[in-house]
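Trainee: One file: input20.txt (compact mmCIF, C-alpha atoms).
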# COMPACT_ATOMS: atom_id res chain seq x y z
CA MET W 181 -0.33 14.11 14.09
CA ASN W 182 0.77 16.78 11.62
CA GLN W 183 1.28 14.07 9.05
CA LYS W 184 1.42 15.36 5.48
CA GLY W 185 -1.33 14.14 3.19
CA LEU W 186 -0.81 11.68 0.37
CA LEU W 187 -0.41 12.74 -3.26
CA LEU W 188 -2.20 10.15 -5.40
CA VAL W 189 -1.72 10.23 -9.17
CA VAL W 190 -4.39 8.35 -11.14
CA SER W 191 -4.15 7.49 -14.84
CA GLY W 192 -6.02 5.12 -17.10
CA PRO W 193 -7.33 4.93 -20.65
CA SER W 194 -10.33 6.99 -21.67
CA GLY W 195 -13.41 4.86 -20.98
CA CYS W 196 -11.84 2.83 -18.14
CA GLY W 197 -14.20 4.46 -15.65
CA LYS W 198 -11.67 6.63 -13.75
CA GLY W 199 -14.17 9.42 -13.16
CA THR W 200 -16.90 7.17 -11.76
CA VAL W 201 -14.47 5.26 -9.55
CA LEU W 202 -12.94 8.48 -8.19
CA SER W 203 -16.38 9.94 -7.43
CA ARG W 204 -17.03 6.88 -5.22
CA VAL W 205 -13.62 7.35 -3.57
CA PHE W 206 -14.38 10.99 -2.70
CA ALA W 207 -17.79 9.96 -1.33
CA LYS W 208 -16.23 7.28 0.91
CA GLN W 209 -13.00 8.95 1.90
CA PRO W 210 -12.95 11.99 4.12
CA ASN W 211 -10.08 14.40 3.82
CA THR W 212 -9.36 13.63 0.16
CA TYR W 213 -9.60 16.27 -2.55
CA TYR W 214 -9.42 16.58 -6.27
CA SER W 215 -6.68 18.82 -7.64
CA VAL W 216 -7.95 21.68 -9.78
CA SER W 217 -5.92 22.12 -12.98
CA ALA W 218 -4.84 25.37 -14.57
CA THR W 219 -5.48 26.23 -18.21
CA THR W 220 -5.02 29.04 -20.67
CA ARG W 221 -8.24 28.27 -22.51
CA PRO W 222 -10.95 30.85 -21.84
CA PRO W 223 -13.67 29.95 -19.33
CA ARG W 224 -16.94 28.62 -20.80
CA PRO W 225 -20.24 30.03 -19.63
CA GLY W 226 -20.85 28.97 -16.04
CA GLU W 227 -17.22 27.99 -15.33
CA GLU W 228 -15.62 29.63 -12.30
CA ASN W 229 -11.98 30.32 -11.60
CA GLY W 230 -10.69 27.79 -9.07
CA VAL W 231 -13.64 25.42 -9.51
CA GLN W 232 -13.41 23.72 -12.92
CA TYR W 233 -10.00 25.26 -13.61
CA TYR W 234 -7.67 28.03 -12.59
CA PHE W 235 -7.86 30.28 -15.65
CA LEU W 236 -4.49 31.82 -16.42
CA THR W 237 -3.15 33.98 -19.21
CA ARG W 238 -0.53 32.44 -21.46
CA GLU W 239 2.12 34.71 -19.91
CA ALA W 240 1.18 33.74 -16.35
CA PHE W 241 1.19 30.05 -17.27
CA GLU W 242 4.61 30.22 -18.96
CA GLU W 243 6.03 32.16 -16.02
CA ARG W 244 4.89 29.36 -13.70
CA ILE W 245 6.46 26.73 -15.92
CA ALA W 246 9.74 28.68 -15.96
CA SER W 247 9.82 29.05 -12.17
CA GLY W 248 9.02 25.36 -11.55
CA GLN W 249 5.53 26.01 -10.20
CA MET W 250 3.83 23.44 -12.44
CA LEU W 251 3.93 19.79 -11.31
CA GLU W 252 3.17 18.82 -14.91
CA TYR W 253 1.81 20.49 -18.02
CA ALA W 254 1.01 19.87 -21.66
CA GLN W 255 -0.48 21.68 -24.64
CA TYR W 256 -3.67 20.58 -26.39
CA ALA W 257 -5.28 22.42 -29.26
CA GLY W 258 -3.08 25.46 -28.69
CA ASN W 259 -3.82 25.80 -24.97
CA TYR W 260 -1.80 24.90 -21.90
CA TYR W 261 -3.20 22.59 -19.24
CA GLY W 262 -1.31 21.78 -16.05
CA THR W 263 -1.20 21.23 -12.30
CA PRO W 264 -0.11 24.18 -10.16
CA ALA W 265 2.17 22.97 -7.36
CA GLN W 266 1.10 25.59 -4.86
CA ALA W 267 -2.53 24.51 -4.42
CA VAL W 268 -1.50 20.84 -4.19
CA ASP W 269 1.25 21.48 -1.64
CA ALA W 270 -1.01 23.66 0.52
CA GLN W 271 -3.56 20.85 0.83
CA LEU W 272 -0.90 18.20 1.50
CA ALA W 273 0.62 20.41 4.22
CA GLN W 274 -2.79 20.52 5.92
CA GLY W 275 -2.80 16.71 6.02
CA LYS W 276 -5.29 16.31 3.18
CA ASN W 277 -4.87 13.71 0.45
CA VAL W 278 -4.78 15.15 -3.06
CA VAL W 279 -5.80 13.19 -6.16
CA LEU W 280 -4.44 14.14 -9.59
CA GLU W 281 -6.23 12.54 -12.50
CA ILE W 282 -3.78 12.88 -15.39
CA GLU W 283 -2.57 11.01 -18.42
CA VAL W 284 0.61 8.96 -18.56
CA GLN W 285 3.05 11.67 -19.71
CA GLY W 286 1.85 14.12 -17.06
CA ALA W 287 2.02 11.40 -14.40
CA LYS W 288 5.70 10.83 -15.22
CA GLN W 289 6.42 14.54 -14.83
CA VAL W 290 4.75 14.56 -11.40
CA LYS W 291 6.73 11.50 -10.23
CA LEU W 292 9.99 13.26 -11.16
CA ARG W 293 9.04 16.36 -9.18
CA ARG W 294 7.34 14.55 -6.27
CA PRO W 295 9.01 11.15 -5.86
CA ASP W 296 6.76 10.33 -2.89
CA ALA W 297 3.62 10.51 -5.07
CA VAL W 298 1.72 7.21 -5.11
CA MET W 299 0.88 6.18 -8.69
CA VAL W 300 -2.26 4.23 -9.63
CA PHE W 301 -3.19 3.00 -13.10
CA ILE W 302 -6.85 2.08 -13.60
CA MET W 303 -7.49 -0.67 -16.14
CA PRO W 304 -10.75 -1.59 -17.81
CA PRO W 305 -11.79 -5.20 -17.05
CA SER W 306 -11.05 -6.10 -20.69
CA MET W 307 -10.51 -4.46 -24.09
CA LYS W 308 -13.91 -5.73 -25.19
CA GLU W 309 -15.50 -3.97 -22.23
CA LEU W 310 -13.49 -0.80 -22.96
CA ARG W 311 -14.80 -0.67 -26.54
CA HIS W 312 -18.30 -1.37 -25.24
CA ARG W 313 -18.07 1.52 -22.76
CA LEU W 314 -16.72 3.92 -25.36
CA GLN W 315 -19.53 2.95 -27.73
CA GLU W 316 -22.18 3.22 -25.03
CA ARG W 317 -21.46 6.90 -24.58
CA GLY W 318 -23.22 7.15 -27.93
CA THR W 319 -21.96 10.60 -28.71
CA GLU W 320 -18.68 9.66 -30.33
CA ALA W 321 -17.98 8.95 -33.98
CA GLN W 322 -16.59 5.51 -34.78
CA GLU W 323 -13.33 7.19 -35.71
CA VAL W 324 -13.01 8.82 -32.28
CA ILE W 325 -13.67 5.46 -30.59
CA GLN W 326 -11.01 3.82 -32.74
CA ARG W 327 -8.52 6.56 -31.85
CA ARG W 328 -9.25 6.08 -28.14
CA MET W 329 -8.75 2.32 -28.44
CA ASP W 330 -5.40 2.95 -30.15
CA THR W 331 -4.35 5.36 -27.39
CA ALA W 332 -5.38 2.80 -24.75
CA ARG W 333 -3.13 0.21 -26.43
CA LEU W 334 -0.20 2.61 -26.22
CA GLU W 335 -0.89 3.61 -22.61
CA MET W 336 -1.59 0.23 -21.05
CA PRO W 337 1.96 -1.20 -21.18
CA GLN W 338 3.07 1.84 -19.16
CA ALA W 339 0.92 0.66 -16.24
CA LYS W 340 4.04 -1.38 -15.29
CA ASP W 341 5.76 1.84 -14.20
CA TYR W 342 2.99 2.65 -11.72
CA ASP W 343 2.97 1.54 -8.08
CA TYR W 344 -0.49 0.02 -8.33
CA ILE W 345 -2.77 -1.37 -11.03
CA VAL W 346 -6.49 -1.39 -10.21
CA PHE W 347 -8.80 -3.35 -12.53
CA ASN W 348 -12.20 -1.70 -12.69
CA ASP W 349 -14.20 -4.95 -12.63
CA THR W 350 -16.82 -3.20 -10.52
CA VAL W 351 -16.87 0.46 -9.49
CA GLU W 352 -17.40 -0.39 -5.83
CA GLU W 353 -14.48 -2.82 -5.57
CA ALA W 354 -12.17 -0.52 -7.54
CA ALA W 355 -13.11 2.40 -5.27
CA GLU W 356 -12.41 0.21 -2.21
CA ASP W 357 -9.02 -0.66 -3.69
CA ILE W 358 -8.15 3.01 -4.04
CA CYS W 359 -9.37 3.80 -0.52
CA ALA W 360 -7.12 0.98 0.74
CA ILE W 361 -4.19 2.40 -1.26
CA LEU W 362 -4.79 5.82 0.35
CA ARG W 363 -5.04 4.36 3.85
CA ALA W 364 -1.99 2.14 3.37
CA GLY W 365 -0.12 5.10 1.87
CA ARG W 366 -0.44 6.99 5.14
CA CYS W 367 1.16 4.03 6.94
CA LEU W 368 4.24 4.00 4.67
CA ALA W 369 7.37 4.01 6.83
CA GLN W 370 8.73 7.12 5.11
CA LYS W 371 5.58 9.04 6.13
CA ASN W 372 5.93 8.06 9.80
CA LEU W 373 9.61 8.70 10.49
CA ALA W 374 8.92 11.90 12.43
CA ARG W 375 6.54 10.16 14.83
CA LEU W 376 8.87 7.16 15.07
CA ASP W 377 11.75 9.47 16.01
CA ARG W 378 9.64 11.16 18.67
CA ALA W 379 8.80 7.74 20.16
CA ILE W 380 12.47 6.73 20.12
CA GLN W 381 13.54 10.02 21.78
CA GLU W 382 10.98 9.40 24.48
CA ALA W 383 12.36 5.91 25.06
CA MET H 183 -7.76 -14.52 -11.18
CA ASN H 184 -5.05 -16.98 -10.04
CA GLN H 185 -3.28 -14.13 -8.31
CA LYS H 186 -0.77 -15.28 -5.71
CA GLY H 187 -1.55 -14.26 -2.13
CA LEU H 188 0.38 -11.66 -0.20
CA LEU H 189 3.08 -12.55 2.32
CA LEU H 190 2.79 -10.09 5.20
CA VAL H 191 5.55 -9.98 7.81
CA VAL H 192 4.56 -8.31 11.09
CA SER H 193 7.00 -7.31 13.84
CA GLY H 194 6.74 -5.06 16.84
CA PRO H 195 7.99 -4.88 20.42
CA SER H 196 6.54 -7.22 23.05
CA GLY H 197 3.53 -5.43 24.55
CA CYS H 198 2.71 -3.37 21.43
CA GLY H 199 -0.50 -5.32 20.94
CA LYS H 200 0.45 -7.28 17.79
CA GLY H 201 -1.54 -10.35 18.80
CA THR H 202 -4.75 -8.45 19.55
CA VAL H 203 -4.49 -6.38 16.37
CA LEU H 204 -3.83 -9.46 14.22
CA SER H 205 -6.82 -11.28 15.76
CA ARG H 206 -9.01 -8.40 14.59
CA VAL H 207 -7.41 -8.56 11.14
CA PHE H 208 -8.17 -12.29 10.80
CA ALA H 209 -11.75 -11.67 11.93
CA LYS H 210 -12.24 -8.92 9.33
CA GLN H 211 -10.26 -10.29 6.44
CA PRO H 212 -11.29 -13.41 4.59
CA ASN H 213 -8.63 -15.47 2.89
CA THR H 214 -5.85 -14.49 5.30
CA TYR H 215 -4.06 -17.04 7.44
CA TYR H 216 -1.51 -17.20 10.19
CA SER H 217 1.68 -19.09 9.41
CA VAL H 218 2.36 -22.02 11.76
CA SER H 219 5.99 -22.13 12.92
CA ALA H 220 8.16 -25.20 13.32
CA THR H 221 10.06 -25.99 16.50
CA THR H 222 12.28 -28.66 18.00
CA ARG H 223 10.90 -28.21 21.50
CA PRO H 224 8.66 -31.08 22.56
CA PRO H 225 4.89 -30.56 22.38
CA ARG H 226 3.19 -29.56 25.63
CA PRO H 227 0.03 -31.35 26.75
CA GLY H 228 -2.82 -30.47 24.41
CA GLU H 229 -0.57 -29.12 21.63
CA GLU H 230 -1.09 -30.69 18.20
CA ASN H 231 1.32 -31.01 15.32
CA GLY H 232 0.45 -28.42 12.63
CA VAL H 233 -1.79 -26.37 14.97
CA GLN H 234 0.38 -24.56 17.55
CA TYR H 235 3.61 -25.69 15.83
CA TYR H 236 5.02 -28.21 13.46
CA PHE H 237 7.05 -30.37 15.85
CA LEU H 238 10.28 -31.54 14.27
CA THR H 239 13.30 -33.45 15.48
CA ARG H 240 16.56 -31.54 15.62
CA GLU H 241 17.84 -33.56 12.66
CA ALA H 242 14.78 -32.84 10.55
CA PHE H 243 14.97 -29.12 11.39
CA GLU H 244 18.67 -28.86 10.53
CA GLU H 245 18.12 -30.75 7.29
CA ARG H 246 15.49 -28.16 6.32
CA ILE H 247 17.82 -25.30 7.17
CA ALA H 248 20.57 -26.89 5.04
CA SER H 249 18.26 -27.38 2.06
CA GLY H 250 16.87 -23.81 2.22
CA GLN H 251 13.40 -24.88 3.36
CA MET H 252 13.26 -22.42 6.27
CA LEU H 253 12.24 -18.83 5.50
CA GLU H 254 13.84 -17.82 8.80
CA TYR H 255 14.94 -19.53 12.00
CA ALA H 256 16.56 -18.87 15.34
CA GLN H 257 17.50 -20.74 18.50
CA TYR H 258 16.05 -19.93 21.93
CA ALA H 259 16.84 -21.86 25.09
CA GLY H 260 18.46 -24.66 23.12
CA ASN H 261 15.56 -25.19 20.70
CA TYR H 262 15.08 -24.17 17.08
CA TYR H 263 12.09 -22.10 16.00
CA GLY H 264 11.44 -21.20 12.38
CA THR H 265 9.08 -20.76 9.45
CA PRO H 266 8.86 -23.66 6.98
CA ALA H 267 8.70 -22.30 3.44
CA GLN H 268 6.57 -25.12 2.06
CA ALA H 269 3.41 -24.43 4.08
CA VAL H 270 3.67 -20.68 3.39
CA ASP H 271 4.24 -21.12 -0.35
CA ALA H 272 1.36 -23.60 -0.66
CA GLN H 273 -1.09 -21.07 0.83
CA LEU H 274 0.25 -18.19 -1.28
CA ALA H 275 -0.08 -20.33 -4.43
CA GLN H 276 -3.76 -20.86 -3.58
CA GLY H 277 -4.22 -17.07 -3.50
CA LYS H 278 -4.37 -16.83 0.29
CA ASN H 279 -2.59 -14.11 2.23
CA VAL H 280 -0.15 -15.41 4.84
CA VAL H 281 0.84 -13.46 7.94
CA LEU H 282 4.15 -14.16 9.71
CA GLU H 283 4.44 -12.64 13.16
CA ILE H 284 8.18 -12.62 13.81
CA GLU H 285 10.84 -10.53 15.47
CA VAL H 286 13.15 -8.15 13.65
CA GLN H 287 16.03 -10.55 12.87
CA GLY H 288 13.69 -13.20 11.49
CA ALA H 289 11.86 -10.57 9.43
CA LYS H 290 15.14 -9.59 7.78
CA GLN H 291 15.83 -13.22 6.86
CA VAL H 292 12.38 -13.53 5.27
CA LYS H 293 12.83 -10.34 3.24
CA LEU H 294 16.11 -11.69 1.82
CA ARG H 295 14.44 -14.96 0.78
CA ARG H 296 11.11 -13.44 -0.33
CA PRO H 297 11.78 -9.88 -1.57
CA ASP H 298 8.08 -9.40 -2.41
CA ALA H 299 7.07 -9.84 1.25
CA VAL H 300 5.32 -6.76 2.62
CA MET H 301 6.83 -5.69 5.94
CA VAL H 302 4.81 -4.05 8.73
CA PHE H 303 6.17 -2.81 12.05
CA ILE H 304 3.58 -2.26 14.79
CA MET H 305 4.43 0.50 17.25
CA PRO H 306 2.89 1.15 20.67
CA PRO H 307 1.23 4.58 20.86
CA SER H 308 4.03 5.69 23.25
CA MET H 309 6.77 4.25 25.46
CA LYS H 310 4.72 5.17 28.52
CA GLU H 311 1.82 3.17 27.18
CA LEU H 312 4.14 0.25 26.34
CA ARG H 313 5.42 0.10 29.93
CA HIS H 314 1.85 0.39 31.18
CA ARG H 315 0.74 -2.55 29.02
CA LEU H 316 3.66 -4.72 30.06
CA GLN H 317 2.92 -3.96 33.73
CA GLU H 318 -0.80 -4.61 33.30
CA ARG H 319 -0.15 -8.21 32.34
CA GLY H 320 0.65 -8.52 36.04
CA THR H 321 2.47 -11.80 35.69
CA GLU H 322 5.91 -10.44 34.90
CA ALA H 323 8.68 -9.58 37.32
CA GLN H 324 9.90 -5.97 37.21
CA GLU H 325 13.17 -7.25 35.79
CA VAL H 326 11.40 -8.95 32.87
CA ILE H 327 9.48 -5.74 32.11
CA GLN H 328 12.71 -3.77 32.15
CA ARG H 329 14.34 -6.24 29.78
CA ARG H 330 11.38 -5.97 27.38
CA MET H 331 11.57 -2.18 27.45
CA ASP H 332 15.29 -2.38 26.63
CA THR H 333 14.59 -4.76 23.73
CA ALA H 334 11.86 -2.42 22.45
CA ARG H 335 14.38 0.45 22.44
CA LEU H 336 16.74 -1.63 20.31
CA GLU H 337 14.02 -2.83 17.92
CA MET H 338 12.13 0.40 17.28
CA PRO H 339 14.81 2.20 15.19
CA GLN H 340 14.68 -0.79 12.81
CA ALA H 341 11.08 0.06 11.95
CA LYS H 342 12.66 2.38 9.34
CA ASP H 343 13.61 -0.68 7.29
CA TYR H 344 10.00 -1.88 7.09
CA ASP H 345 7.57 -0.90 4.33
CA TYR H 346 4.91 0.27 6.77
CA ILE H 347 4.73 1.52 10.36
CA VAL H 348 1.36 1.11 12.08
CA PHE H 349 0.86 2.90 15.40
CA ASN H 350 -1.48 0.90 17.63
CA ASP H 351 -3.39 3.91 18.98
CA THR H 352 -6.55 1.83 18.93
CA VAL H 353 -6.86 -1.84 18.04
CA GLU H 354 -9.69 -1.18 15.59
CA GLU H 355 -7.84 1.53 13.62
CA ALA H 356 -4.59 -0.44 13.58
CA ALA H 357 -6.46 -3.53 12.31
CA GLU H 358 -8.09 -1.38 9.60
CA ASP H 359 -4.63 -0.11 8.62
CA ILE H 360 -3.36 -3.66 8.20
CA CYS H 361 -6.46 -4.70 6.23
CA ALA H 362 -5.81 -1.71 3.93
CA ILE H 363 -2.15 -2.74 3.55
CA LEU H 364 -3.28 -6.25 2.58
CA ARG H 365 -5.84 -4.96 0.09
CA ALA H 366 -3.43 -2.41 -1.40
CA GLY H 367 -0.74 -5.11 -1.53
CA ARG H 368 -2.87 -7.14 -3.91
CA CYS H 369 -3.08 -4.10 -6.22
CA LEU H 370 0.71 -3.68 -6.41
CA ALA H 371 1.74 -3.45 -10.07
CA GLN H 372 4.20 -6.34 -9.71
CA LYS H 373 1.33 -8.60 -8.58
CA ASN H 374 -0.81 -7.72 -11.59
CA LEU H 375 1.62 -8.00 -14.47
CA ALA H 376 0.21 -11.34 -15.64
CA ARG H 377 -3.33 -9.94 -15.93
CA LEU H 378 -2.00 -6.74 -17.50
CA ASP H 379 -0.14 -8.77 -20.12
CA ARG H 380 -3.26 -10.78 -20.89
CA ALA H 381 -5.21 -7.54 -21.40
CA ILE H 382 -2.49 -6.15 -23.67
CA GLN H 383 -2.37 -9.39 -25.72
CA GLU H 384 -6.10 -9.13 -26.17
CA ALA H 385 -5.73 -5.53 -27.36
Please rewrite the model in this file as C-alpha cells.
Mentor:
Amino acid sequence: MNQKGLLLVVSGPSGCGKGTVLSRVFAKQPNTYYSVSATTRPPRPGEENGVQYYFLTREAFEERIASGQMLEYAQYAGNYYGTPAQAVDAQLAQGKNVVLEIEVQGAKQVKLRRPDAVMVFIMPPSMKELRHRLQERGTEAQEVIQRRMDTARLEMPQAKDYDYIVFNDTVEEAAEDICAILRAGRCLAQKNLARLDRAIQEA
Amino acid sequence: MNQKGLLLVVSGPSGCGKGTVLSRVFAKQPNTYYSVSATTRPPRPGEENGVQYYFLTREAFEERIASGQMLEYAQYAGNYYGTPAQAVDAQLAQGKNVVLEIEVQGAKQVKLRRPDAVMVFIMPPSMKELRHRLQERGTEAQEVIQRRMDTARLEMPQAKDYDYIVFNDTVEEAAEDICAILRAGRCLAQKNLARLDRAIQEA
C-alpha cells in the first residue's frame, strides 16, 4: 500500500499514566514504534546511543536545530533534549507509526513542523487520583508532588488544542482508545488520496 | 459520563459492500444504531412504521422540511426520502452512536446541519472488483450495472471531502476500521470538553 505511517504525539501531566498506557499500546499494536530522543547530557552507565537516547555534542545538537533537523527541542538543567526529524521520517516512510511522548510546548513545535501529526492528550481520571498516583510513587518529596500538581493545572487547559483527549480511567481502555486513534488515523481521507486517485484513474 | 453519542455518516458507491460492512459493525459495536429514514412512499406488505421506514404523508414530510426537522432529504420516483432529526438527536442525547447510510448529496446536507458528524466514504477495493460484485448479484440488467458504474465514477472523487476513506478489501478489516473510527470519535477533544472542564474546576 506504500501508505506513510502515522505520527502520534502524546502529552499528559506527570503521573497521568502515559508510560503504562503506551507500553500496552506497543504490546497490542504491531508496526508502532517509540521515537528515541536526542540529548546533550552524557550517557549514564548502561545507556546506549540510539536506545535510551541519541547522545550528541552541544555543537552537533545546535547545528541540527539551525538546519531544521529537530522536530522540537528544549533545554533542561543546562542540557538540550529534542526529537531528531530524520529517524522519525525514516520510520514513517516505511509505513510505521511513530509515537512521540512529549510535553505541551514540544508538542506545539511538532504540530507546526508536521501539521499531519495526530495529537493526543492523556488525562488522569481525576485530580484526586493524580495526587494519589504521584504520592504512591513514594520516592518524591511533598514539594516535588506539589510542583507536579501545579504543572498539571497549567497543562490541562491546553488539552483543548489537541485532536483527542483520552481519560486514563483504566489502562486497558485508554490503550484501546489510542489503538483506535492509530487505526482511524490511517483511514483519514488525507492519508488515502493516492490510493483514491489510483482507483479513479482505473475507473 | 453523559457524553453525547457520535453521528457517523457512511456513503459509498452501490456494490462497495456498505451494507455487509455495517452489519459487521453493528454486531461488534454495542451502543450503535442504524438511523431509520422517513418516506412518503406507501408501506409494502410486512413493512412496519418505525422499522423499515417512518411512513409519512406528503404534507407531513413537507412540513418537516419547512421547519428544519429533516437532516437531509431527496425525491426519487415521485416520493420523498429523508432523515428525521428528532429520532437521531434523541439517540445521540442518550449517548448512543447513530449511523446514517446515505448517498453523497444527502451526506453533504447532514454535514451542513450537524458539523460534528463524522463522515466515512467506503471504497471498493478496485473498479474491477466493483463491476464483479454488481454482476454477481445476478438480478440486474447490464444497463443497470453500467449506470451504477457511471454513478460510482461520479461519486468517488467526492470521497476527498469526507473525514475518512475506508477501502473494503475485506469485510472484517473494513468493519474494524469503522469500529476504530467510532471509538476514536468519542475521544475527539471537542467531545470531551465538558469532562475536561470538570477536571480543571476540581484542580
Trainee: Using Å and a single decimal, report how far CA of Tyr216 (chain H) sits from CA of Met305 (chain H).
Mentor: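 If I compute the distance from CA of Met305 (chain H) to CA of Tyr216 (chain H), I get 20.0 Å.
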Trainee: Measure the distance from CA of Leu336 (chain H) to CA of Cys198 (chain H) in Å and round it to one decimal.
Mentor: 14.2 Å
Trainee: Given only C-alpha atoms as the basis, pick out the residue of H:Val280, H:Ala299, H:Ala272, H:Leu238 nearest to Lys373 (chain H).
Mentor: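 When distances to Lys373 (chain H) are compared using only C-alpha atoms, the smallest one comes from H:Ala299.
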Trainee: Between W:Ile380, W:Arg204, W:Gln338, W:Val231, single out the one closest to Glu352 (chain W), counting only C-alpha atoms.
Mentor: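 Checking each candidate against Glu352 (chain W), we get W:Arg204 as the closest.
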Trainee: Please find the residues of chain W near chain H - the criterion being any atom within 10 Å, counting all atoms listed in the file - and write them as an NGL selection string.
Mentor: :W and (299-301 or 303-308 or 329-330 or 332-337 or 339-347 or 354 or 356-373 or 375-383)
Trainee: Using CA of Leu272 (chain W) and CA of Arg238 (chain W) as the two end points, give the distance in Å to one decimal.
Mentor: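 One can read the CA of Leu272 (chain W) to CA of Arg238 (chain W) distance as 27.0 Å.
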Trainee: Quick one: residues within 10 Å of Thr333 (chain H), only C-alpha atoms counted, chain neighbours fewer than 6 positions away excluded, as an mmCIF file with C-alpha atoms, keeping the file's coordinate frame?
Mentor:
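Full text of out-v1.cif as output:
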data_model
loop_
_atom_site.group_PDB
_atom_site.id
_atom_site.type_symbol
_atom_site.label_atom_id
_atom_site.label_comp_id
_atom_site.auth_asym_id
_atom_site.auth_seq_id
_atom_site.Cartn_x
_atom_site.Cartn_y
_atom_site.Cartn_z
ATOM 1 C CA PRO H 195 7.990 -4.880 20.420
ATOM 2 C CA SER H 196 6.540 -7.220 23.050
ATOM 3 C CA ILE H 327 9.480 -5.740 32.110
#
Trainee: Using only C-alpha atoms, which residues sit within 7 Å of Ile284 (chain H) once same-chain residues fewer than 3 positions away are excluded, as a PyMOL selection string?
Mentor: chain H and resi 192-193+288-289
Trainee: So, counting all atoms listed in the file, which residue among W:Ala246, W:Leu202, W:Ala218, W:Leu280 is closest to Tyr234 (chain W)?
Mentor: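 Closest to Tyr234 (chain W), using all atoms listed in the file: W:Ala218.
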Trainee: I'd like the neighbourhood of Gln274 (chain W) as a compact mmCIF listing (two decimals) with C-alpha atoms, keeping the file's coordinate frame, where a residue qualifies if any of its atoms comes within 10 Å (using all atoms listed in the file), though same-chain residues fewer than 3 positions away should be ignored.
Mentor:
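Generated output (selection01.txt):
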# COMPACT_ATOMS: atom_id res chain seq x y z
CA ASN W 182 0.77 16.78 11.62
CA GLN W 183 1.28 14.07 9.05
CA LYS W 184 1.42 15.36 5.48
CA GLY W 185 -1.33 14.14 3.19
CA ASN W 211 -10.08 14.40 3.82
CA ASP W 269 1.25 21.48 -1.64
CA ALA W 270 -1.01 23.66 0.52
CA GLN W 271 -3.56 20.85 0.83
CA ASN W 277 -4.87 13.71 0.45
Trainee: If you take every atom of region 317-325 of chain H that the file lists and fit an axis-aligned box around them with 3 Å extra on each side, what centre and edge lengths come out in Å to one decimal, as AutoDock Vina command-line options?
Mentor:
--center_x 6.2 --center_y -7.9 --center_z 34.8 --size_x 20.0 --size_y 13.8 --size_z 11.0
Trainee: Check the smallest atom-to-atom distance from each of H:Arg226, H:Ser219, H:Lys293, H:Val281 to Pro266 (chain H) using only C-alpha atoms, then report the winner.
Mentor: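 Looking at the shortest contact to Pro266 (chain H), the residue is H:Ser219.
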